[in-house]
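Some notes on the structure that comes next.
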Amino acid sequence: MITLYQFRRAFGVPNPSPFCMKVETYLRLAGLDYEISEVIDPSKAPKGKCPYIEDAGRTVADSHFILSYLKETYGDPLGEGLSAADRAAHLALTRMMEGHLYFTLLHSRWMQPQNVPIVHDVFFGAMPWPMGGLIFAMVQRQTRKVLHGQGLGRHTTEEIDGLAIEDLRALDAILGERPYYGGDAPREIDCVTWGYIANALAEPFQSPVKDAAKAMPALVAYSARMMEGVFPELAKGGAAGG
Ligand SMILES: N[C@@H](CCC(=O)N[C@@H](CS)C(=O)NCC(=O)O)C(=O)O
């Protein structure tokens, strides 16, 4: 049995981390049995981040390497029939989201004053005083450094939100009239795209990025479609559409 180490569910989406969501969505779409082990402190994870998995005595960290391992070990049912050009386009889209859009999400949740208390309360609120506040402040400080090093953190909030909205508009245009980024059925690329779209729409966060995402009906419908198809137990709450 595969064990998936990831953060606990929150905000009405399968995971607040798009990387964890990518792996769990993949496991479900590929029909692989798994169990979840919830992680509170990722610093002890093999690469200091979530997700990672254990399977048959092996530990694999990082969503990219996890999916590579799963495809090598159990086959690639979501990749059947894809052309080299499809695969290349999916890779480029993945890199846009993981190397750019992700950091705008980090900024929105950890730096923007209307959202910071939500993250604090959901992840650190249950910890005894003053530990929760101290750990939160430490993680927020690290996140600020990460954003500064990556470069995005040097822009104004308006500029960062504007960049995120450009990415979402690109995602909206690429989806077009199709039900899934993979075409008629969800593919590996949908495990990535949905993590970002669902988290952009997630309650109770507030931002111009979320407002922009909510105004893109194809993205809202796509998120609901993925939720109903892959996580029907969560769709009952009706959270996918934000
Ligand atoms: N490249 C990694 C990125 C994973 C990642 O950034 N995970 C974040 C959550 S979204 C994390 O665990 N952060 C904790 C930390 O950096 O301390 C992957 O694809 O799995």
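Just so we're on the same page: first chain in the structure tokens is A, next is B, and so on; residues restart at 1 for each chain, and ligands are numbered from 1 in the order they show up.
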Taking the DSSP secondary structure from the backbone, can you list the residues of region 12-240 of chain A that are strand (DSSP E or B), as a compact mmCIF listing (two decimals) with N, CA and C atoms, in the first residue's frame?
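And here is the file that came out, part.txt:
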# COMPACT_ATOMS: atom_id res chain seq x y z
N VAL A 13 -10.90 22.22 -0.25
CA VAL A 13 -10.24 21.60 -1.41
C VAL A 13 -9.50 20.36 -0.90
N TYR A 34 -4.09 3.82 -1.82
CA TYR A 34 -3.16 4.57 -0.98
C TYR A 34 -3.81 4.89 0.34
N GLU A 35 -2.96 5.21 1.31
CA GLU A 35 -3.45 5.75 2.57
C GLU A 35 -2.71 7.07 2.81
N ILE A 36 -3.33 7.91 3.64
CA ILE A 36 -2.74 9.23 3.89
C ILE A 36 -2.16 9.27 5.29
N SER A 37 -0.97 9.84 5.42
CA SER A 37 -0.42 10.15 6.73
C SER A 37 -0.26 11.67 6.79
N GLU A 38 -0.96 12.29 7.73
CA GLU A 38 -0.94 13.77 7.77
C GLU A 38 0.34 14.29 8.40
N TYR A 52 5.52 13.58 0.10
CA TYR A 52 6.40 12.46 -0.21
C TYR A 52 5.60 11.18 -0.01
N ILE A 53 6.13 10.08 -0.56
CA ILE A 53 5.41 8.80 -0.41
C ILE A 53 6.37 7.74 0.09
N GLU A 54 5.78 6.69 0.67
CA GLU A 54 6.52 5.45 0.95
C GLU A 54 5.76 4.35 0.24
N ASP A 55 6.52 3.48 -0.41
CA ASP A 55 5.89 2.36 -1.12
C ASP A 55 6.89 1.22 -1.20
N ARG A 58 10.37 1.88 -0.23
CA ARG A 58 11.05 3.03 -0.86
C ARG A 58 10.40 4.33 -0.44
N THR A 59 11.20 5.35 -0.28
CA THR A 59 10.67 6.69 0.00
C THR A 59 10.97 7.57 -1.21
N VAL A 60 9.96 8.26 -1.70
CA VAL A 60 10.16 9.15 -2.84
C VAL A 60 9.58 10.52 -2.48
N ALA A 61 10.40 11.55 -2.61
CA ALA A 61 9.96 12.92 -2.27
C ALA A 61 9.89 13.78 -3.51
N TYR A 180 -11.48 19.06 -20.04
CA TYR A 180 -10.25 18.86 -19.25
C TYR A 180 -9.04 19.36 -20.04
N GLY A 183 -7.99 16.90 -22.48
CA GLY A 183 -8.90 16.60 -23.59
C GLY A 183 -10.25 16.14 -23.07
| message | Please identify all protein, DNA and RNA residues within 9 Å of ligand 1, counting only C-alpha atoms and all ligand atoms, and report them as a ChimeraX atom specification. | response | /A:6-7,16-20,22-23,41-43,45,47-52,61-66,98,102,106,139,142-143,146
Store the residues picked out above, limited to C-alpha atoms, as a PDB file, in the first residue's frame.
ATOM      1  CA  GLN A   6       0.741  15.387   2.994  1.00  0.00           C
ATOM      2  CA  PHE A   7      -0.875  18.292   4.828  1.00  0.00           C
ATOM      3  CA  PRO A  16      -4.099  23.529   0.485  1.00  0.00           C
ATOM      4  CA  SER A  17      -0.830  22.515  -1.235  1.00  0.00           C
ATOM      5  CA  PRO A  18      -1.188  22.177  -5.022  1.00  0.00           C
ATOM      6  CA  PHE A  19       1.769  19.757  -4.964  1.00  0.00           C
ATOM      7  CA  CYS A  20      -0.002  17.429  -2.516  1.00  0.00           C
ATOM      8  CA  LYS A  22      -1.374  16.812  -7.665  1.00  0.00           C
ATOM      9  CA  VAL A  23      -0.192  13.530  -6.169  1.00  0.00           C
ATOM     10  CA  ASP A  41       5.880  19.764  10.431  1.00  0.00           C
ATOM     11  CA  PRO A  42       7.438  19.119   6.995  1.00  0.00           C
ATOM     12  CA  SER A  43      10.957  19.977   8.189  1.00  0.00           C
ATOM     13  CA  ALA A  45      10.374  15.154   5.509  1.00  0.00           C
ATOM     14  CA  LYS A  47      13.399  16.995   1.305  1.00  0.00           C
ATOM     15  CA  GLY A  48      11.875  19.197   4.014  1.00  0.00           C
ATOM     16  CA  LYS A  49       8.655  19.567   2.022  1.00  0.00           C
ATOM     17  CA  CYS A  50       5.387  17.762   1.315  1.00  0.00           C
ATOM     18  CA  PRO A  51       4.373  15.631  -0.454  1.00  0.00           C
ATOM     19  CA  TYR A  52       6.401  12.465  -0.213  1.00  0.00           C
ATOM     20  CA  ALA A  61       9.963  12.916  -2.265  1.00  0.00           C
ATOM     21  CA  ASP A  62       8.738  15.708  -4.577  1.00  0.00           C
ATOM     22  CA  SER A  63       5.566  15.507  -6.655  1.00  0.00           C
ATOM     23  CA  HIS A  64       7.499  15.261  -9.931  1.00  0.00           C
ATOM     24  CA  PHE A  65       9.644  12.345  -8.784  1.00  0.00           C
ATOM     25  CA  ILE A  66       6.665  10.685  -7.099  1.00  0.00           C
ATOM     26  CA  GLU A  98       4.947  25.332 -10.377  1.00  0.00           C
ATOM     27  CA  TYR A 102       2.638  28.823  -7.069  1.00  0.00           C
ATOM     28  CA  LEU A 106       2.206  31.753  -1.430  1.00  0.00           C
ATOM     29  CA  VAL A 139       7.302  30.148   8.706  1.00  0.00           C
ATOM     30  CA  GLN A 142      10.994  32.002   5.786  1.00  0.00           C
ATOM     31  CA  THR A 143       8.262  32.453   3.185  1.00  0.00           C
ATOM     32  CA  VAL A 146      11.761  32.534  -0.339  1.00  0.00           C
TER      33      VAL A 146
END
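CA of Met216 (chain A) is positioned 26.8 Å from CA of Ala85 (chain A).
With only C-alpha atoms taken into account, the protein and nucleic acid residues at most 10 Å from Lys214 (chain A) (excluding it and anything under 4 positions from it in its own chain) are Ile197, Ala200, Leu201, Pro208, Val209, Lys210, Ala218, Leu219, Val220, Ala221, Gly241 and Gly242 of chain A.
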| task | Using only C-alpha atoms, find the one residue out of A:Gly151, A:Phe136, A:Ala92, A:Glu203 that sits nearest to Val116 (chain A). | result |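 The shortest atom-to-atom distance to Val116 (chain A) comes from A:Phe136.
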| query | Using only C-alpha atoms, which residue out of A:Tyr74, A:Gly12, A:Gln150, A:Thr94 lies closest to Ala224 (chain A)? | reply |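 Of all the options, A:Gly12 lies closest to Ala224 (chain A).
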| Could you pull the residues within 10 Å of region 165-172 of chain A, counting only C-alpha atoms, minus those fewer than 3 positions along the same chain, as a ChimeraX atom specification? | /A:93,96-97,100-101,104,159-162,175-177,181,193,196-197,200,208-213,216-220,222
| Can you list, as a ChimeraX atom specification, every protein, DNA or RNA residue that comes within 12 Å of Ala89 (chain A) when you count only C-alpha atoms, leaving out same-chain residues fewer than 5 positions away? | /A:82-84,94-96,174,181-182,189
Next, dump the selected residues to file, keeping only N, CA and C atoms, as a JSON list (two decimals), in the first residue's frame.
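And here's again.json as it stands now:
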[["chain", "number", "residue", "atom", "x", "y", "z"],
["A", 82, "LEU", "N", -0.94, 10.06, -25.78],
["A", 82, "LEU", "CA", -0.49, 11.45, -25.87],
["A", 82, "LEU", "C", 0.67, 11.56, -26.86],
["A", 83, "SER", "N", 0.64, 12.60, -27.69],
["A", 83, "SER", "CA", 1.73, 12.80, -28.64],
["A", 83, "SER", "C", 2.90, 13.49, -27.92],
["A", 84, "ALA", "N", 4.04, 13.51, -28.59],
["A", 84, "ALA", "CA", 5.21, 14.20, -28.01],
["A", 84, "ALA", "C", 4.90, 15.68, -27.83],
["A", 94, "THR", "N", 2.93, 22.95, -16.81],
["A", 94, "THR", "CA", 3.28, 22.56, -15.43],
["A", 94, "THR", "C", 4.36, 23.48, -14.88],
["A", 95, "ARG", "N", 5.37, 23.74, -15.69],
["A", 95, "ARG", "CA", 6.47, 24.57, -15.20],
["A", 95, "ARG", "C", 6.00, 26.00, -14.96],
["A", 96, "MET", "N", 5.03, 26.50, -15.76],
["A", 96, "MET", "CA", 4.49, 27.85, -15.53],
["A", 96, "MET", "C", 3.81, 27.89, -14.15],
["A", 174, "ILE", "N", -6.41, 28.34, -22.51],
["A", 174, "ILE", "CA", -5.91, 27.01, -22.93],
["A", 174, "ILE", "C", -7.01, 25.96, -22.76],
["A", 181, "TYR", "N", -7.97, 19.69, -19.32],
["A", 181, "TYR", "CA", -6.73, 20.08, -20.01],
["A", 181, "TYR", "C", -6.17, 18.91, -20.81],
["A", 182, "GLY", "N", -6.47, 17.70, -20.36],
["A", 182, "GLY", "CA", -6.01, 16.51, -21.08],
["A", 182, "GLY", "C", -6.91, 16.15, -22.25],
["A", 189, "ILE", "N", -1.82, 16.22, -16.56],
["A", 189, "ILE", "CA", -1.79, 17.68, -16.53],
["A", 189, "ILE", "C", -2.93, 18.25, -15.67]]
| What is the CA of Ala173 (chain A) to CA of His155 (chain A) distance in Å? |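 Atom-to-atom, CA of Ala173 (chain A) and CA of His155 (chain A) are spaced 25.5 Å apart.
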| field | Nearest residue to Gly153 (chain A) from the set A:Met127, A:Gln112, A:Thr3, A:Arg8 (distances using only C-alpha atoms) | value | A:Gln112
| remark: Using only C-alpha atoms, the shortest atom-to-atom distance to Arg109 (chain A) among A:Ala202, A:Val192, A:Leu32, A:Leu4 belongs to A:Ala202
| said: Under the rule that only C-alpha atoms are counted, which of A:Met227, A:Cys191, A:Val39, A:Leu152 is the nearest residue to His90 (chain A)? | reply: A:Cys191
| message | I need the helix (DSSP H, G or I) residues of region 67-184 of chain A per DSSP on the backbone, written as a ChimeraX atom specification. | response | /A:67-74,77-79,84-110,116-124,131-150,152-154,157-175
